[in-house]
Each structure stands twice: as structure tokens, then as C-alpha cells.
Amino acid sequence: MGTSPKRPTVKIKHEQVVVARMRGTQDRIADAITAFAGTMTFVYLHALWFAVWIVCNEGVFGKGAIWDPYPFGLLTMIVSLEAIFLSTFVMVSQNRQAARENVRADLDFETNVRSEVWSVHMGRALGVDPVAVEHRVQELLKENRTRMNEGH
């Protein structure tokens, strides 16, 4: 018996797999912090923290409970530092999101090229004229652009 010809395997990349390989420990930490900072739980915890800080430092629990008297310089410094770090984490996450979008765009492009090549080959096998099909596609795209521009 003869051996059958070896068929090439087509390996299609999956976006989540590609992105997961790019993601390191620092990225996971930055994403987790950014995800938590974007929740209402984060807002409620901060509101509670500020309220307790201010109440204590206004002397409600006695002079011994005051560690940062009005105008709350320590609280101001802590909140400023937190804002700096949170904005940095947000920028790191945005950069990662941009990288994910680039991966997605690259994979979409690959998929589109594959589809176009397969369509042309199948069309030829069925006796379809690819030039006529492309001409019709261009007409439809032009009509669609015209409709979109009229809508604005």
C-alpha cells in the first residue's frame, strides 16, 4: 500500500491564546488593580475611608485620635500618591488593551485574506468570474458609502 500524501496543517491562531502568552505577572497585577479601581466597591471603600479619617481628625473621638489635623495634609498626600499610581495602572492597562486590539486586527486580517483566497479558488472551481464579482462588490461598497455619507 502506498502512503497518502501528507497534508499541511493549517494552524489558525486564537486571539486569547496570543494575548495570554504576552501577559506577564506585572500585567496581571496591573489589570487586577485597574479592574478593582473601576468598581463601585472601590468608590464606597474610599468614601468610608475618607469619612472615618475626617471624623477622627476632627476630634470626634477625642484629641488622642487626631493624627492629621485639618487641613488633612497627610490625607492629601496619600490621595495624591494613590491618584498617580492609579493613573499609571490605567495607562498600563490601556497599553495592553491597545496591544490586544493590534493582535485582534492582525488575526482579523489573516482571516480575511484566508477567506478571500478560498473564495477565489472556490469561485474559479465553480466557474464564477472573479473580476465580475469584484466589480459588483465595488458597486455595493460605493452604494453603502453613499448611504452612510447621506446619513451624516
# chains A, B, ... in the order shown; residues from 1 in each chain; ligands from 1
$ closest_atom_pairs --of "segment 53-123 of chain A" --to "segment 23-29 of chain A" --cutoff "8 Å" --atoms "only C-alpha atoms" --output "tab-separated table"
residue	atom	partner	partner_atom	distance
A:Val92	CA	A:Asp27	CA	7.7
A:Ser93	CA	A:Asp27	CA	7.6
A:Arg96	CA	A:Asp27	CA	7.9
$ closest_residue --among "A:Glu15, A:His135, A:Asp129, A:Gly59" --to "Thr111 of chain A" --atoms "only C-alpha atoms"
A:Glu15
$ residues_around --residues "Val79 of chain A" --least-positions-apart "5" --cutoff "10 Å" --atoms "only C-alpha atoms" --output "NGL selection string"
:A and (46 or 50 or 73-74 or 84-85)
$ closest_residue --among "A:Met77, A:Val55, A:Val90, A:Ala105" --to "Ala32 of chain A" --atoms "only C-alpha atoms"
A:Val90
$ closest_residue --among "A:Ile33, A:Val131, A:Leu126, A:Asp108" --to "Glu82 of chain A" --atoms "only C-alpha atoms"
A:Ile33
$ select_by_dssp --residues "chain A" --states "helix (DSSP H, G or I)" --output "JSON, numbers by chain"
{"A": [15, 16, 17, 18, 19, 20, 21, 22, 25, 26, 27, 28, 29, 30, 31, 32, 33, 34, 35, 36, 37, 40, 41, 42, 43, 44, 45, 46, 47, 48, 49, 50, 51, 52, 53, 54, 55, 56, 57, 63, 64, 65, 73, 74, 75, 76, 77, 78, 79, 80, 81, 82, 83, 84, 85, 86, 87, 88, 89, 90, 91, 92, 93, 94, 95, 96, 97, 98, 99, 100, 101, 102, 103, 104, 105, 106, 107, 108, 109, 110, 111, 112, 113, 114, 115, 116, 117, 118, 119, 120, 121, 122, 123, 124, 125, 130, 131, 132, 133, 134, 135, 136, 137, 138, 139, 140, 141, 142, 143, 144, 145, 146, 147, 148, 149, 150, 151]}
$ atom_distance --atom1 "atom CA of Val103 of chain A" --atom2 "atom CA of Val120 of chain A"
25.8 Å
$ atom_distance --atom1 "atom CA of Ile78 of chain A" --atom2 "atom CA of Trp49 of chain A"
11.9 Å
$ residues_around --residues "Val19 of chain A" --least-positions-apart "6" --cutoff "10 Å" --atoms "only C-alpha atoms" --output "list in words"
Arg96, Gln97, Ala99, Arg100, Glu101, Val103 and Arg104 of chain A
$ write_last_selection --atoms "all heavy atoms" --output "tab-separated table (two decimals), in the first residue's frame"
chain	number	residue	atom	x	y	z
A	96	ARG	N	-1.97	47.71	27.22
A	96	ARG	CA	-2.22	46.28	26.99
A	96	ARG	C	-3.46	46.09	26.12
A	96	ARG	O	-3.49	45.23	25.25
A	96	ARG	CB	-2.37	45.54	28.32
A	96	ARG	CG	-1.04	45.36	29.01
A	96	ARG	CD	-1.05	44.45	30.20
A	96	ARG	NE	-2.06	43.42	30.23
A	96	ARG	CZ	-2.06	42.33	29.46
A	96	ARG	NH1	-1.12	42.14	28.57
A	96	ARG	NH2	-3.01	41.44	29.58
A	97	GLN	N	-4.48	46.91	26.35
A	97	GLN	CA	-5.69	46.83	25.52
A	97	GLN	C	-5.35	47.18	24.07
A	97	GLN	O	-5.85	46.54	23.15
A	97	GLN	CB	-6.78	47.75	26.06
A	97	GLN	CG	-8.07	47.69	25.29
A	97	GLN	CD	-8.73	46.32	25.33
A	97	GLN	OE1	-8.62	45.61	26.32
A	97	GLN	NE2	-9.38	45.94	24.26
A	99	ALA	N	-2.48	46.72	22.64
A	99	ALA	CA	-1.76	45.56	22.11
A	99	ALA	C	-2.73	44.45	21.75
A	99	ALA	O	-2.57	43.79	20.70
A	99	ALA	CB	-0.73	45.06	23.13
A	100	ARG	N	-3.76	44.24	22.59
A	100	ARG	CA	-4.78	43.22	22.29
A	100	ARG	C	-5.51	43.58	21.00
A	100	ARG	O	-5.79	42.71	20.17
A	100	ARG	CB	-5.79	43.12	23.43
A	100	ARG	CG	-5.35	42.26	24.57
A	100	ARG	CD	-6.49	42.01	25.54
A	100	ARG	NE	-6.83	43.20	26.28
A	100	ARG	CZ	-6.46	43.45	27.53
A	100	ARG	NH1	-5.74	42.58	28.20
A	100	ARG	NH2	-6.80	44.55	28.13
A	101	GLU	N	-5.84	44.86	20.83
A	101	GLU	CA	-6.53	45.29	19.62
A	101	GLU	C	-5.66	45.07	18.38
A	101	GLU	O	-6.16	44.70	17.33
A	101	GLU	CB	-6.93	46.77	19.72
A	101	GLU	CG	-7.97	47.06	20.77
A	101	GLU	CD	-9.29	46.34	20.54
A	101	GLU	OE1	-9.68	46.16	19.36
A	101	GLU	OE2	-9.93	45.94	21.53
A	103	VAL	N	-3.35	42.72	18.06
A	103	VAL	CA	-3.37	41.27	17.81
A	103	VAL	C	-4.67	40.89	17.11
A	103	VAL	O	-4.68	40.15	16.12
A	103	VAL	CB	-3.20	40.47	19.13
A	103	VAL	CG1	-3.53	39.00	18.94
A	103	VAL	CG2	-1.79	40.64	19.68
A	104	ARG	N	-5.78	41.41	17.63
A	104	ARG	CA	-7.09	41.12	17.04
A	104	ARG	C	-7.14	41.58	15.58
A	104	ARG	O	-7.62	40.86	14.70
A	104	ARG	CB	-8.18	41.79	17.87
A	104	ARG	CG	-9.59	41.39	17.47
A	104	ARG	CD	-10.63	41.97	18.41
A	104	ARG	NE	-10.46	41.42	19.75
A	104	ARG	CZ	-10.40	42.15	20.85
A	104	ARG	NH1	-10.51	43.46	20.80
A	104	ARG	NH2	-10.26	41.57	22.02
